[in-house]
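Down below is the structure, laid out as C-alpha cells.
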Protein chains: 2
Amino acid sequence: MRIGQLSADCDCPVETIRYYEKIGLLPQAVRRANGYRSYDEMHRKWLQFILRSRALGFSQDEVRQLTDLAHQQRPACADVYELLDAHINDVQTKIRELKRMRLALSRLQAQCHDGTLHDCPVIDELMG
Amino acid sequence: MRIGQLSADCDCPVETIRYYEKIGLLPQAVRRANGYRSYDEMHRKWLQFILRSRALGFSQDEVRQLTDLAHQQRPACADVYELLDAHINDVQTKIRELKRMRLALSRLQAQCHDGTLHDCPVIDELMG
DNA sequence: GCTAGACCCTGTAGTTACTACAAGGTCAAG
DNA sequence: CTTGACCTTGTAGTAACTACAGGGTCTAGC
Ligand SMILES: [Zn+2]
Ligand SMILES: [Zn+2]
Ligand SMILES: [Zn+2]
Ligand SMILES: [Zn+2]
C-alpha cells in the first residue's frame with residue numbers, strides 16, 4: 001500500500017509517517033519504480049506500535065527503547081517493566097505539578113469573586 | 001543593577017531574561033555607555049510577574065495578555081477572571097489526559113507481574 | 001603596565017515532536 | 001491532453017527556552 005492508505009488506516013498524517021521514517025523510528029519503506037513508498041502489514045504494525053506508545057505519553061526516546069525491546073525475539077519482561085515504571089513516574093510527576101498549579105489558580109481566582117470587583121487583586125498578587 | 005544581579009535575585013537564567021526582552025515580554029533594559037543592560041526595581045517586578053505566571057502554567061501568549069491587563073491603570077476584574085478560567089480549563093484538560101494515560105499504563109504494567117514473566121505480554125499488547 | 005578572570009554583548013543553532021508549505025514528479029480518468 | 005489526486009524532497013515554522021561561539025569590558029593582583 002502507498003503512504004496515503006497507511007495514513008488513512010492508522011489515522012496518522014502522511015507527514016508524520018515520513019517524519020518517523022526520517023528519524024529512524026519506523027523502518028524504511030520499500031520504494032517502487034516511481035519512487036513512491038510502499039508499505040505492508042509489518043509496517044502498519046510498527047506504526048501502530050509507535051502511535052499507541054505516543055498516546056500513552058512515551059517520549060520519542062522512550063518509544064525508541066520500546067521498539068528496540070520489541071525487535072528482540074524474546075524481550076526481557078524486567079526491562080519492559082522498568083521502562084513502564086519510569087514512565088509512570090514521569091506521568092505522575094506531571095500530574096502532581098499540574099494539580100499544584102490548579103490549586104494555586106483556584107485560590108487566585110477566588111480573590112476575583114466572580115469577576116465583579118472593580119479593582120482586581122490578582123494582578124497585584126502576581127506582581128508580588 | 002546588571003543582568004547577572006537580576007538573574008540571581010529572581011533565580012532566572014540570564015539567557016531567559018534576554019529572551020523575554022527579545023520577544024517583548026519584558027520591557028527593554030536601559031543601556032549603559034558600555035552597552036550593558038541596566039535594570040531597576042520596576043524591571044524586577046515585571047520579571048517576577050512573568051516568572052510567577054509561568055510557574056502557574058500560563059503560556060507565553062497568556063502571560064502577554066496578563067501583562068497587557070496589568071499595564072492598564074485599572075485592569076477589569078472580569079477580564080482577569082476569564083483568563084484565569086480559560087487557563088484552569090487548560091490545566092484541567094491536561095490533568096484528565098495524564099490520568100487517562102496513568103490508568104492505561106498501570107493496567108499494562110500489571111500484565112508484567114513484577115517483571116518476572118519470561119515472555120512479556122506488553123509488547124504484544126502495543127503491537128495490537 | 002599587564003594579564004587573568006568574571007562579567008557582558010550579539011547572533012546562531014539545538015531541543016521536542018511534529019506541522020506546513022513550496023516546487024516539482026506521477027498517474028488514472030474524462 | 002489536461003485536470004486532479006497523489007506522491008517526492010527539502011526547508012521553515014511552532015513553544016519556550018538553552019547552549020554555545022566569538023567577541024568586548026572591567027576589576028584585581030603582580
Ligand atoms: Zn513484562
Ligand atoms: Zn516517560
Ligand atoms: Zn479579579
Ligand atoms: Zn493556559
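Order determines the names: the first chain of the C-alpha cells is A, the second B, and so forth; residues in each chain are numbered 1 upward, and ligands are numbered 1 upward as they are shown.
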All residues 12 Å or closer to DA22 in chain C, only C-alpha atoms (C1' of nucleotides), same chain fewer than 4 positions away omitted, as a list of chain:residue names: D:DT9, D:DG10, D:DT11, D:DA12
Kindly export the residues of the current selection with N, CA, C and O atoms (P, O5', C5', C4', C3', O3' and C1' of nucleotides), as an mmCIF file, in the first residue's frame.
```cif
data_model
loop_
_atom_site.group_PDB
_atom_site.id
_atom_site.type_symbol
_atom_site.label_atom_id
_atom_site.label_comp_id
_atom_site.auth_asym_id
_atom_site.auth_seq_id
_atom_site.Cartn_x
_atom_site.Cartn_y
_atom_site.Cartn_z
ATOM 1 P P DT D 9 11.369 11.304 -0.584
ATOM 2 O "O5'" DT D 9 11.987 12.749 -0.839
ATOM 3 C "C5'" DT D 9 13.085 12.911 -1.731
ATOM 4 C "C4'" DT D 9 13.393 14.393 -1.858
ATOM 5 C "C3'" DT D 9 13.941 14.990 -0.568
ATOM 6 O "O3'" DT D 9 15.341 15.167 -0.687
ATOM 7 C "C1'" DT D 9 12.176 16.341 -1.491
ATOM 8 P P DG D 10 16.206 15.581 0.564
ATOM 9 O "O5'" DG D 10 15.903 17.141 0.712
ATOM 10 C "C5'" DG D 10 15.958 17.992 -0.433
ATOM 11 C "C4'" DG D 10 15.489 19.360 -0.030
ATOM 12 C "C3'" DG D 10 16.026 19.801 1.341
ATOM 13 O "O3'" DG D 10 16.623 21.080 1.266
ATOM 14 C "C1'" DG D 10 13.655 19.970 1.295
ATOM 15 P P DT D 11 17.420 21.638 2.531
ATOM 16 O "O5'" DT D 11 16.501 22.846 3.006
ATOM 17 C "C5'" DT D 11 15.848 23.645 2.009
ATOM 18 C "C4'" DT D 11 14.734 24.422 2.658
ATOM 19 C "C3'" DT D 11 15.124 25.051 3.999
ATOM 20 O "O3'" DT D 11 14.778 26.435 3.960
ATOM 21 C "C1'" DT D 11 13.103 23.852 4.193
ATOM 22 P P DA D 12 15.266 27.397 5.171
ATOM 23 O "O5'" DA D 12 13.913 27.770 5.911
ATOM 24 C "C5'" DA D 12 12.764 28.118 5.131
ATOM 25 C "C4'" DA D 12 11.562 28.139 6.037
ATOM 26 C "C3'" DA D 12 11.857 28.748 7.406
ATOM 27 O "O3'" DA D 12 10.733 29.521 7.792
ATOM 28 C "C1'" DA D 12 10.991 26.609 7.687
#
```
Residues contacting ligand 2 - anything with an atom at most 9 Å away, using only C-alpha atoms (C1' of nucleotides) and all ligand atoms - can you give me those as a ChimeraX atom specification? /A:56-59,61-62,83-91
Export of prior selection with N, CA and C atoms as a CSV table (one decimal), in the first residue's frame:
```csv
chain,number,residue,atom,x,y,z
A,56,LEU,N,0.2,6.9,24.9
A,56,LEU,CA,0.4,6.7,26.4
A,56,LEU,C,1.4,7.7,27.0
A,57,GLY,N,1.9,8.6,26.1
A,57,GLY,CA,2.7,9.7,26.6
A,57,GLY,C,4.2,9.4,26.6
A,58,PHE,N,4.6,8.2,26.1
A,58,PHE,CA,6.0,7.9,26.0
A,58,PHE,C,6.7,8.9,25.0
A,59,SER,N,7.9,9.4,25.4
A,59,SER,CA,8.6,10.3,24.6
A,59,SER,C,9.2,9.5,23.4
A,61,ASP,N,12.2,9.1,22.7
A,61,ASP,CA,13.4,8.3,23.1
A,61,ASP,C,12.9,7.1,23.8
A,62,GLU,N,11.8,7.2,24.6
A,62,GLU,CA,11.2,6.0,25.2
A,62,GLU,C,10.6,5.1,24.2
A,83,LEU,N,10.9,0.2,32.2
A,83,LEU,CA,10.6,1.3,31.3
A,83,LEU,C,9.2,1.8,31.7
A,84,LEU,N,8.2,1.0,31.9
A,84,LEU,CA,6.9,1.4,32.2
A,84,LEU,C,6.9,2.1,33.6
A,85,ASP,N,7.7,1.6,34.5
A,85,ASP,CA,7.7,2.2,35.8
A,85,ASP,C,8.3,3.6,35.7
A,86,ALA,N,9.4,3.8,35.0
A,86,ALA,CA,10.0,5.1,34.9
A,86,ALA,C,9.0,6.1,34.3
A,87,HIS,N,8.3,5.6,33.2
A,87,HIS,CA,7.4,6.5,32.6
A,87,HIS,C,6.1,6.8,33.4
A,88,ILE,N,5.6,5.8,34.2
A,88,ILE,CA,4.5,6.1,35.1
A,88,ILE,C,5.0,7.2,36.1
A,89,ASN,N,6.2,7.1,36.4
A,89,ASN,CA,6.8,8.2,37.3
A,89,ASN,C,6.7,9.5,36.6
A,90,ASP,N,7.1,9.6,35.4
A,90,ASP,CA,7.1,10.8,34.6
A,90,ASP,C,5.7,11.4,34.6
A,91,VAL,N,4.7,10.5,34.3
A,91,VAL,CA,3.3,11.0,34.2
A,91,VAL,C,2.9,11.5,35.6
```
Transformed chain A, reference chain B, in-order C-alpha pairing, as a compact mmCIF listing (two decimals) with N, CA and C atoms, in the first residue's frame:
```txt
# COMPACT_ATOMS: atom_id res chain seq x y z
N MET A 1 20.90 48.01 38.45
CA MET A 1 21.63 46.75 38.57
C MET A 1 21.85 46.13 37.19
N ARG A 2 22.91 45.29 37.10
CA ARG A 2 23.18 44.63 35.83
C ARG A 2 22.42 43.31 35.74
N ILE A 3 22.51 42.69 34.58
CA ILE A 3 21.68 41.50 34.32
C ILE A 3 22.01 40.34 35.27
N GLY A 4 23.28 40.22 35.64
CA GLY A 4 23.69 39.13 36.53
C GLY A 4 23.03 39.25 37.90
N GLN A 5 22.92 40.47 38.37
CA GLN A 5 22.29 40.73 39.66
C GLN A 5 20.80 40.40 39.60
N LEU A 6 20.16 40.86 38.56
CA LEU A 6 18.73 40.57 38.37
C LEU A 6 18.51 39.07 38.29
N SER A 7 19.38 38.41 37.53
CA SER A 7 19.33 36.96 37.39
C SER A 7 19.40 36.27 38.74
N ALA A 8 20.35 36.70 39.57
CA ALA A 8 20.52 36.11 40.91
C ALA A 8 19.30 36.42 41.79
N ASP A 9 18.85 37.66 41.75
CA ASP A 9 17.70 38.08 42.55
C ASP A 9 16.46 37.25 42.26
N CYS A 10 16.23 37.02 40.97
CA CYS A 10 14.98 36.36 40.57
C CYS A 10 15.17 34.88 40.31
N ASP A 11 16.38 34.40 40.48
CA ASP A 11 16.67 33.00 40.22
C ASP A 11 16.21 32.60 38.82
N CYS A 12 16.65 33.38 37.89
CA CYS A 12 16.26 33.18 36.49
C CYS A 12 17.49 33.35 35.61
N PRO A 13 17.78 32.38 34.75
CA PRO A 13 18.99 32.45 33.93
C PRO A 13 19.09 33.75 33.13
N VAL A 14 20.29 34.27 33.01
CA VAL A 14 20.56 35.47 32.24
C VAL A 14 19.97 35.36 30.83
N GLU A 15 20.16 34.20 30.21
CA GLU A 15 19.69 34.01 28.83
C GLU A 15 18.18 34.17 28.74
N THR A 16 17.49 33.71 29.76
CA THR A 16 16.03 33.80 29.76
C THR A 16 15.58 35.25 29.85
N ILE A 17 16.29 36.03 30.66
CA ILE A 17 15.97 37.45 30.77
C ILE A 17 16.12 38.13 29.42
N ARG A 18 17.27 37.88 28.78
CA ARG A 18 17.49 38.47 27.45
C ARG A 18 16.41 38.00 26.48
N TYR A 19 16.07 36.72 26.59
CA TYR A 19 15.04 36.15 25.72
C TYR A 19 13.69 36.85 25.92
N TYR A 20 13.30 37.06 27.16
CA TYR A 20 12.03 37.75 27.45
C TYR A 20 12.04 39.17 26.89
N GLU A 21 13.19 39.81 26.96
CA GLU A 21 13.29 41.15 26.39
C GLU A 21 13.13 41.10 24.87
N LYS A 22 13.81 40.12 24.29
CA LYS A 22 13.80 39.98 22.83
C LYS A 22 12.39 39.77 22.28
N ILE A 23 11.61 38.91 22.94
CA ILE A 23 10.26 38.65 22.45
C ILE A 23 9.25 39.68 22.96
N GLY A 24 9.75 40.67 23.69
CA GLY A 24 8.87 41.78 24.07
C GLY A 24 8.01 41.52 25.29
N LEU A 25 8.34 40.49 26.07
CA LEU A 25 7.58 40.25 27.30
C LEU A 25 8.06 41.20 28.39
N LEU A 26 9.37 41.34 28.46
CA LEU A 26 9.98 42.21 29.47
C LEU A 26 10.32 43.54 28.80
N PRO A 27 10.00 44.67 29.45
CA PRO A 27 10.34 45.96 28.84
C PRO A 27 11.86 46.07 28.61
N GLN A 28 12.24 46.76 27.56
CA GLN A 28 13.64 46.95 27.20
C GLN A 28 14.43 47.52 28.38
N ALA A 29 15.61 46.96 28.57
CA ALA A 29 16.48 47.49 29.62
C ALA A 29 17.12 48.79 29.12
N VAL A 30 17.41 49.67 30.06
CA VAL A 30 18.17 50.86 29.73
C VAL A 30 19.62 50.43 29.49
N ARG A 31 20.28 51.06 28.52
CA ARG A 31 21.66 50.66 28.24
C ARG A 31 22.65 51.67 28.81
N ARG A 32 23.71 51.15 29.44
CA ARG A 32 24.79 52.02 29.93
C ARG A 32 25.70 52.41 28.76
N ALA A 33 26.66 53.24 29.06
CA ALA A 33 27.57 53.71 28.01
C ALA A 33 28.32 52.53 27.37
N ASN A 34 28.63 51.53 28.15
CA ASN A 34 29.38 50.39 27.62
C ASN A 34 28.48 49.35 26.94
N GLY A 35 27.19 49.61 26.88
CA GLY A 35 26.29 48.68 26.20
C GLY A 35 25.61 47.69 27.14
N TYR A 36 26.04 47.64 28.38
CA TYR A 36 25.45 46.72 29.36
C TYR A 36 24.01 47.12 29.65
N ARG A 37 23.15 46.11 29.87
CA ARG A 37 21.77 46.40 30.27
C ARG A 37 21.74 46.84 31.72
N SER A 38 20.86 47.79 32.01
CA SER A 38 20.71 48.30 33.38
C SER A 38 19.25 48.17 33.81
N TYR A 39 19.05 47.60 35.00
CA TYR A 39 17.68 47.34 35.46
C TYR A 39 17.39 48.08 36.77
N ASP A 40 16.10 48.34 36.99
CA ASP A 40 15.67 48.92 38.27
C ASP A 40 14.56 48.06 38.86
N GLU A 41 13.99 48.55 39.94
CA GLU A 41 12.95 47.81 40.66
C GLU A 41 11.76 47.44 39.76
N MET A 42 11.43 48.37 38.89
CA MET A 42 10.30 48.15 37.99
C MET A 42 10.53 46.89 37.14
N HIS A 43 11.74 46.80 36.61
CA HIS A 43 12.05 45.63 35.81
C HIS A 43 11.97 44.34 36.64
N ARG A 44 12.47 44.42 37.85
CA ARG A 44 12.44 43.25 38.72
C ARG A 44 11.01 42.79 38.96
N LYS A 45 10.12 43.74 39.18
CA LYS A 45 8.71 43.42 39.40
C LYS A 45 8.12 42.70 38.18
N TRP A 46 8.42 43.26 37.00
CA TRP A 46 7.87 42.65 35.78
C TRP A 46 8.40 41.25 35.57
N LEU A 47 9.68 41.09 35.80
CA LEU A 47 10.26 39.75 35.61
C LEU A 47 9.61 38.76 36.57
N GLN A 48 9.42 39.17 37.80
CA GLN A 48 8.78 38.27 38.76
C GLN A 48 7.34 37.97 38.39
N PHE A 49 6.68 38.98 37.85
CA PHE A 49 5.32 38.77 37.36
C PHE A 49 5.30 37.66 36.31
N ILE A 50 6.24 37.77 35.37
CA ILE A 50 6.33 36.77 34.30
C ILE A 50 6.66 35.40 34.87
N LEU A 51 7.65 35.35 35.77
CA LEU A 51 8.08 34.07 36.33
C LEU A 51 6.97 33.41 37.14
N ARG A 52 6.24 34.21 37.92
CA ARG A 52 5.13 33.65 38.70
C ARG A 52 4.05 33.11 37.77
N SER A 53 3.78 33.86 36.71
CA SER A 53 2.76 33.41 35.76
C SER A 53 3.18 32.10 35.09
N ARG A 54 4.44 32.04 34.68
CA ARG A 54 4.95 30.83 34.03
C ARG A 54 4.88 29.64 35.00
N ALA A 55 5.17 29.89 36.28
CA ALA A 55 5.13 28.82 37.28
C ALA A 55 3.70 28.30 37.45
N LEU A 56 2.73 29.13 37.10
CA LEU A 56 1.32 28.69 37.17
C LEU A 56 0.89 28.04 35.86
N GLY A 57 1.84 27.89 34.95
CA GLY A 57 1.55 27.16 33.72
C GLY A 57 1.00 28.01 32.59
N PHE A 58 0.88 29.31 32.79
CA PHE A 58 0.40 30.17 31.70
C PHE A 58 1.38 30.10 30.54
N SER A 59 0.84 30.03 29.33
CA SER A 59 1.70 30.04 28.14
C SER A 59 2.23 31.46 27.93
N GLN A 60 3.22 31.57 27.07
CA GLN A 60 3.77 32.89 26.77
C GLN A 60 2.69 33.84 26.28
N ASP A 61 1.80 33.31 25.45
CA ASP A 61 0.73 34.14 24.92
C ASP A 61 -0.20 34.60 26.04
N GLU A 62 -0.50 33.69 26.95
CA GLU A 62 -1.35 34.04 28.08
C GLU A 62 -0.65 35.06 28.99
N VAL A 63 0.64 34.88 29.19
CA VAL A 63 1.40 35.83 30.01
C VAL A 63 1.35 37.21 29.36
N ARG A 64 1.43 37.22 28.03
CA ARG A 64 1.36 38.50 27.32
C ARG A 64 0.02 39.18 27.59
N GLN A 65 -1.05 38.39 27.56
CA GLN A 65 -2.38 38.96 27.85
C GLN A 65 -2.43 39.48 29.28
N LEU A 66 -1.81 38.72 30.19
CA LEU A 66 -1.79 39.14 31.59
C LEU A 66 -1.02 40.44 31.76
N THR A 67 0.14 40.52 31.14
CA THR A 67 0.93 41.75 31.27
C THR A 67 0.20 42.93 30.61
N ASP A 68 -0.48 42.65 29.50
CA ASP A 68 -1.27 43.71 28.86
C ASP A 68 -2.31 44.25 29.84
N LEU A 69 -2.99 43.33 30.52
CA LEU A 69 -3.98 43.74 31.51
C LEU A 69 -3.31 44.51 32.64
N ALA A 70 -2.18 43.99 33.08
CA ALA A 70 -1.49 44.60 34.22
C ALA A 70 -0.98 46.01 33.88
N HIS A 71 -0.74 46.23 32.59
CA HIS A 71 -0.25 47.55 32.18
C HIS A 71 -1.34 48.62 32.28
N GLN A 72 -2.59 48.18 32.24
CA GLN A 72 -3.69 49.15 32.36
C GLN A 72 -3.73 49.68 33.80
N GLN A 73 -4.14 50.91 33.95
CA GLN A 73 -4.18 51.49 35.29
C GLN A 73 -5.26 50.85 36.15
N ARG A 74 -6.35 50.38 35.46
CA ARG A 74 -7.42 49.72 36.21
C ARG A 74 -7.85 48.46 35.46
N PRO A 75 -7.10 47.36 35.63
CA PRO A 75 -7.45 46.15 34.90
C PRO A 75 -8.85 45.65 35.26
N ALA A 76 -9.63 45.31 34.24
CA ALA A 76 -10.99 44.83 34.47
C ALA A 76 -10.95 43.44 35.11
N CYS A 77 -11.58 43.35 36.25
CA CYS A 77 -11.59 42.09 37.00
C CYS A 77 -12.16 40.96 36.16
N ALA A 78 -13.19 41.25 35.38
CA ALA A 78 -13.85 40.22 34.57
C ALA A 78 -12.87 39.61 33.56
N ASP A 79 -12.03 40.45 32.98
CA ASP A 79 -11.05 39.96 32.00
C ASP A 79 -10.06 39.01 32.65
N VAL A 80 -9.58 39.40 33.82
CA VAL A 80 -8.62 38.55 34.54
C VAL A 80 -9.28 37.23 34.90
N TYR A 81 -10.50 37.34 35.40
CA TYR A 81 -11.25 36.15 35.79
C TYR A 81 -11.40 35.17 34.63
N GLU A 82 -11.72 35.73 33.48
CA GLU A 82 -11.93 34.91 32.28
C GLU A 82 -10.63 34.21 31.86
N LEU A 83 -9.54 34.97 31.91
CA LEU A 83 -8.23 34.42 31.56
C LEU A 83 -7.88 33.27 32.50
N LEU A 84 -8.10 33.48 33.78
CA LEU A 84 -7.84 32.43 34.76
C LEU A 84 -8.70 31.22 34.48
N ASP A 85 -9.97 31.47 34.20
CA ASP A 85 -10.91 30.39 33.94
C ASP A 85 -10.45 29.54 32.77
N ALA A 86 -10.09 30.21 31.67
CA ALA A 86 -9.65 29.49 30.47
C ALA A 86 -8.41 28.65 30.79
N HIS A 87 -7.51 29.24 31.56
CA HIS A 87 -6.26 28.52 31.84
C HIS A 87 -6.49 27.36 32.82
N ILE A 88 -7.37 27.56 33.77
CA ILE A 88 -7.70 26.45 34.68
C ILE A 88 -8.26 25.30 33.86
N ASN A 89 -9.02 25.64 32.85
CA ASN A 89 -9.53 24.62 31.94
C ASN A 89 -8.40 23.90 31.21
N ASP A 90 -7.41 24.67 30.73
CA ASP A 90 -6.24 24.07 30.08
C ASP A 90 -5.59 23.05 31.00
N VAL A 91 -5.38 23.47 32.24
CA VAL A 91 -4.70 22.62 33.21
C VAL A 91 -5.54 21.37 33.50
N GLN A 92 -6.84 21.59 33.68
CA GLN A 92 -7.74 20.48 33.97
C GLN A 92 -7.72 19.44 32.85
N THR A 93 -7.71 19.93 31.64
CA THR A 93 -7.69 19.03 30.47
C THR A 93 -6.42 18.19 30.48
N LYS A 94 -5.29 18.84 30.76
CA LYS A 94 -4.02 18.11 30.79
C LYS A 94 -4.03 17.06 31.89
N ILE A 95 -4.58 17.41 33.04
CA ILE A 95 -4.64 16.47 34.16
C ILE A 95 -5.46 15.25 33.77
N ARG A 96 -6.62 15.50 33.16
CA ARG A 96 -7.48 14.38 32.74
C ARG A 96 -6.74 13.45 31.80
N GLU A 97 -6.06 14.06 30.82
CA GLU A 97 -5.32 13.29 29.82
C GLU A 97 -4.25 12.43 30.48
N LEU A 98 -3.53 13.04 31.41
CA LEU A 98 -2.46 12.31 32.09
C LEU A 98 -3.01 11.20 32.98
N LYS A 99 -4.15 11.45 33.59
CA LYS A 99 -4.75 10.41 34.43
C LYS A 99 -5.20 9.22 33.58
N ARG A 100 -5.72 9.54 32.41
CA ARG A 100 -6.11 8.48 31.47
C ARG A 100 -4.89 7.62 31.12
N MET A 101 -3.77 8.30 30.85
CA MET A 101 -2.53 7.59 30.54
C MET A 101 -2.09 6.73 31.72
N ARG A 102 -2.12 7.31 32.89
CA ARG A 102 -1.63 6.60 34.07
C ARG A 102 -2.42 5.32 34.29
N LEU A 103 -3.74 5.41 34.13
CA LEU A 103 -4.59 4.24 34.30
C LEU A 103 -4.23 3.17 33.28
N ALA A 104 -4.13 3.59 32.02
CA ALA A 104 -3.81 2.64 30.95
C ALA A 104 -2.43 2.01 31.19
N LEU A 105 -1.49 2.82 31.65
CA LEU A 105 -0.13 2.32 31.89
C LEU A 105 -0.12 1.32 33.05
N SER A 106 -0.87 1.61 34.10
CA SER A 106 -0.92 0.71 35.25
C SER A 106 -1.50 -0.64 34.84
N ARG A 107 -2.56 -0.58 34.04
CA ARG A 107 -3.19 -1.83 33.57
C ARG A 107 -2.19 -2.64 32.77
N LEU A 108 -1.44 -1.92 31.92
CA LEU A 108 -0.44 -2.59 31.09
C LEU A 108 0.64 -3.22 31.97
N GLN A 109 1.09 -2.43 32.94
CA GLN A 109 2.17 -2.91 33.80
C GLN A 109 1.73 -4.13 34.61
N ALA A 110 0.45 -4.15 34.98
CA ALA A 110 -0.06 -5.27 35.78
C ALA A 110 0.08 -6.59 35.04
N GLN A 111 0.08 -6.51 33.71
CA GLN A 111 0.22 -7.74 32.92
C GLN A 111 1.62 -8.33 33.03
N CYS A 112 2.53 -7.51 33.52
CA CYS A 112 3.92 -7.95 33.64
C CYS A 112 4.15 -8.80 34.89
N HIS A 113 3.29 -8.68 35.87
CA HIS A 113 3.48 -9.38 37.14
C HIS A 113 4.90 -9.20 37.66
N ASP A 114 5.26 -8.00 38.02
CA ASP A 114 6.57 -7.71 38.62
C ASP A 114 7.75 -8.04 37.71
N GLY A 115 7.50 -8.12 36.44
CA GLY A 115 8.61 -8.35 35.51
C GLY A 115 9.23 -9.72 35.60
N THR A 116 8.48 -10.67 36.12
CA THR A 116 9.05 -12.01 36.32
C THR A 116 8.65 -12.99 35.22
N LEU A 117 7.77 -12.52 34.32
CA LEU A 117 7.32 -13.42 33.25
C LEU A 117 8.44 -13.67 32.25
N HIS A 118 8.40 -14.81 31.63
CA HIS A 118 9.43 -15.09 30.63
C HIS A 118 9.07 -14.50 29.27
N ASP A 119 7.77 -14.39 29.01
CA ASP A 119 7.33 -13.78 27.77
C ASP A 119 6.45 -12.57 28.10
N CYS A 120 6.97 -11.36 27.82
CA CYS A 120 6.24 -10.16 28.22
C CYS A 120 5.07 -9.89 27.28
N PRO A 121 3.86 -9.79 27.83
CA PRO A 121 2.68 -9.59 26.98
C PRO A 121 2.46 -8.12 26.59
N VAL A 122 3.21 -7.22 27.20
CA VAL A 122 3.00 -5.79 26.96
C VAL A 122 3.31 -5.43 25.52
N ILE A 123 4.42 -5.94 25.02
CA ILE A 123 4.81 -5.65 23.64
C ILE A 123 3.72 -6.11 22.66
N ASP A 124 3.21 -7.33 22.90
CA ASP A 124 2.14 -7.83 22.04
C ASP A 124 0.93 -6.91 22.08
N GLU A 125 0.62 -6.48 23.29
CA GLU A 125 -0.53 -5.60 23.49
C GLU A 125 -0.37 -4.31 22.68
N LEU A 126 0.84 -3.76 22.71
CA LEU A 126 1.09 -2.51 21.99
C LEU A 126 1.07 -2.71 20.48
N MET A 127 1.48 -3.90 20.04
CA MET A 127 1.48 -4.18 18.60
C MET A 127 0.04 -4.33 18.09
N GLY A 128 -0.85 -4.74 18.96
CA GLY A 128 -2.26 -4.81 18.57
C GLY A 128 -2.63 -6.16 17.97
```
Those of chain A in DSSP strand (DSSP E), formatted as a ChimeraX atom specification: /A:30-31,37-38
Go ahead and dump the residues you just picked, C-alpha atoms, as an mmCIF file, in the first residue's frame.
```
data_model
loop_
_atom_site.group_PDB
_atom_site.id
_atom_site.type_symbol
_atom_site.label_atom_id
_atom_site.label_comp_id
_atom_site.auth_asym_id
_atom_site.auth_seq_id
_atom_site.Cartn_x
_atom_site.Cartn_y
_atom_site.Cartn_z
ATOM 1 C CA VAL A 30 10.343 -0.130 0.179
ATOM 2 C CA ARG A 31 10.451 2.138 -2.862
ATOM 3 C CA ARG A 37 6.975 4.469 -0.673
ATOM 4 C CA SER A 38 5.376 1.029 -0.423
#
```
Pairwise distance, C1' of DC8 in chain C with C1' of DC17 in chain D, equals 20.2 Å
Expected answer as a VMD selection string: alpha helix (DSSP H) residues in range 12-77 of chain B: chain B and resid 14 to 22 41 to 55 60 to 71 77
Dump as a PyMOL selection string the residues of chain C that approach chain A to within 10 Å, counting only C-alpha atoms (C1' of nucleotides). chain C and resi 16-20+25-26
For the selection just defined, write its residues with N, CA and C atoms (P, O5', C5', C4', C3', O3' and C1' of nucleotides) to a file, as a short mmCIF file (atom, residue, chain, number, x, y, z; two decimals), in the first residue's frame.
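Now in out.cif:
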```cif
data_model
loop_
_atom_site.label_atom_id
_atom_site.label_comp_id
_atom_site.auth_asym_id
_atom_site.auth_seq_id
_atom_site.Cartn_x
_atom_site.Cartn_y
_atom_site.Cartn_z
P DT C 16 15.53 16.20 22.13
"O5'" DT C 16 14.01 16.63 22.13
"C5'" DT C 16 13.39 17.01 23.33
"C4'" DT C 16 11.90 17.05 23.09
"C3'" DT C 16 11.38 15.94 22.17
"O3'" DT C 16 10.15 15.46 22.70
"C1'" DT C 16 10.87 18.05 21.23
P DA C 17 9.64 13.98 22.33
"O5'" DA C 17 8.62 14.30 21.17
"C5'" DA C 17 7.42 15.01 21.47
"C4'" DA C 17 6.80 15.46 20.17
"C3'" DA C 17 6.75 14.38 19.08
"O3'" DA C 17 5.46 14.41 18.47
"C1'" DA C 17 7.62 16.32 18.23
P DC C 18 4.93 13.14 17.70
"O5'" DC C 18 5.50 13.33 16.24
"C5'" DC C 18 4.89 14.01 15.17
"C4'" DC C 18 4.71 15.49 15.44
"C3'" DC C 18 3.83 16.15 14.41
"O3'" DC C 18 2.61 16.56 15.01
"C1'" DC C 18 5.78 17.44 14.88
P DT C 19 1.29 16.69 14.08
"O5'" DT C 19 1.56 18.00 13.21
"C5'" DT C 19 1.43 19.28 13.81
"C4'" DT C 19 1.70 20.34 12.78
"C3'" DT C 19 0.93 20.19 11.46
"O3'" DT C 19 0.20 21.40 11.30
"C1'" DT C 19 3.23 20.63 11.06
P DA C 20 -0.74 21.58 10.01
"O5'" DA C 20 0.16 22.51 9.08
"C5'" DA C 20 0.88 23.60 9.65
"C4'" DA C 20 1.58 24.34 8.52
"C3'" DA C 20 0.86 24.24 7.18
"O3'" DA C 20 1.00 25.47 6.51
"C1'" DA C 20 3.04 23.40 6.95
P DG C 25 9.70 18.24 -12.38
"O5'" DG C 25 9.21 16.81 -11.87
"C5'" DG C 25 10.16 15.93 -11.23
"C4'" DG C 25 9.44 14.67 -10.83
"C3'" DG C 25 8.83 13.88 -11.99
"O3'" DG C 25 9.03 12.49 -11.76
"C1'" DG C 25 7.16 14.43 -10.42
P DT C 26 8.41 11.46 -12.83
"O5'" DT C 26 6.98 11.11 -12.25
"C5'" DT C 26 6.90 10.35 -11.03
"C4'" DT C 26 5.55 9.68 -10.93
"C3'" DT C 26 5.04 8.95 -12.17
"O3'" DT C 26 4.50 7.72 -11.73
"C1'" DT C 26 3.44 10.51 -11.48
#
```
With 10 Å as the limit and counting only C-alpha atoms (C1' of nucleotides), what residues in chain D lie close to chain A? Please list them as a compact mmCIF listing (two decimals) with N, CA and C atoms (P, O5', C5', C4', C3', O3' and C1' of nucleotides), in the first residue's frame.
```txt
# COMPACT_ATOMS: atom_id res chain seq x y z
P DC D 6 -6.47 11.54 -3.07
O5' DC D 6 -4.88 11.31 -3.15
C5' DC D 6 -4.41 10.08 -3.61
C4' DC D 6 -3.01 10.23 -4.16
C3' DC D 6 -1.90 10.38 -3.12
O3' DC D 6 -1.45 9.10 -2.68
C1' DC D 6 -1.48 11.55 -5.17
P DC D 7 -0.48 8.98 -1.48
O5' DC D 7 0.92 9.47 -2.08
C5' DC D 7 1.71 8.55 -2.83
C4' DC D 7 2.87 9.26 -3.48
C3' DC D 7 3.90 9.85 -2.51
O3' DC D 7 4.86 8.87 -2.14
C1' DC D 7 3.50 11.28 -4.37
P DT D 8 5.95 9.27 -1.07
O5' DT D 8 6.91 10.31 -1.82
C5' DT D 8 7.79 9.85 -2.85
C4' DT D 8 8.66 10.99 -3.33
C3' DT D 8 9.44 11.70 -2.24
O3' DT D 8 10.62 10.98 -1.93
C1' DT D 8 8.51 13.27 -3.77
```
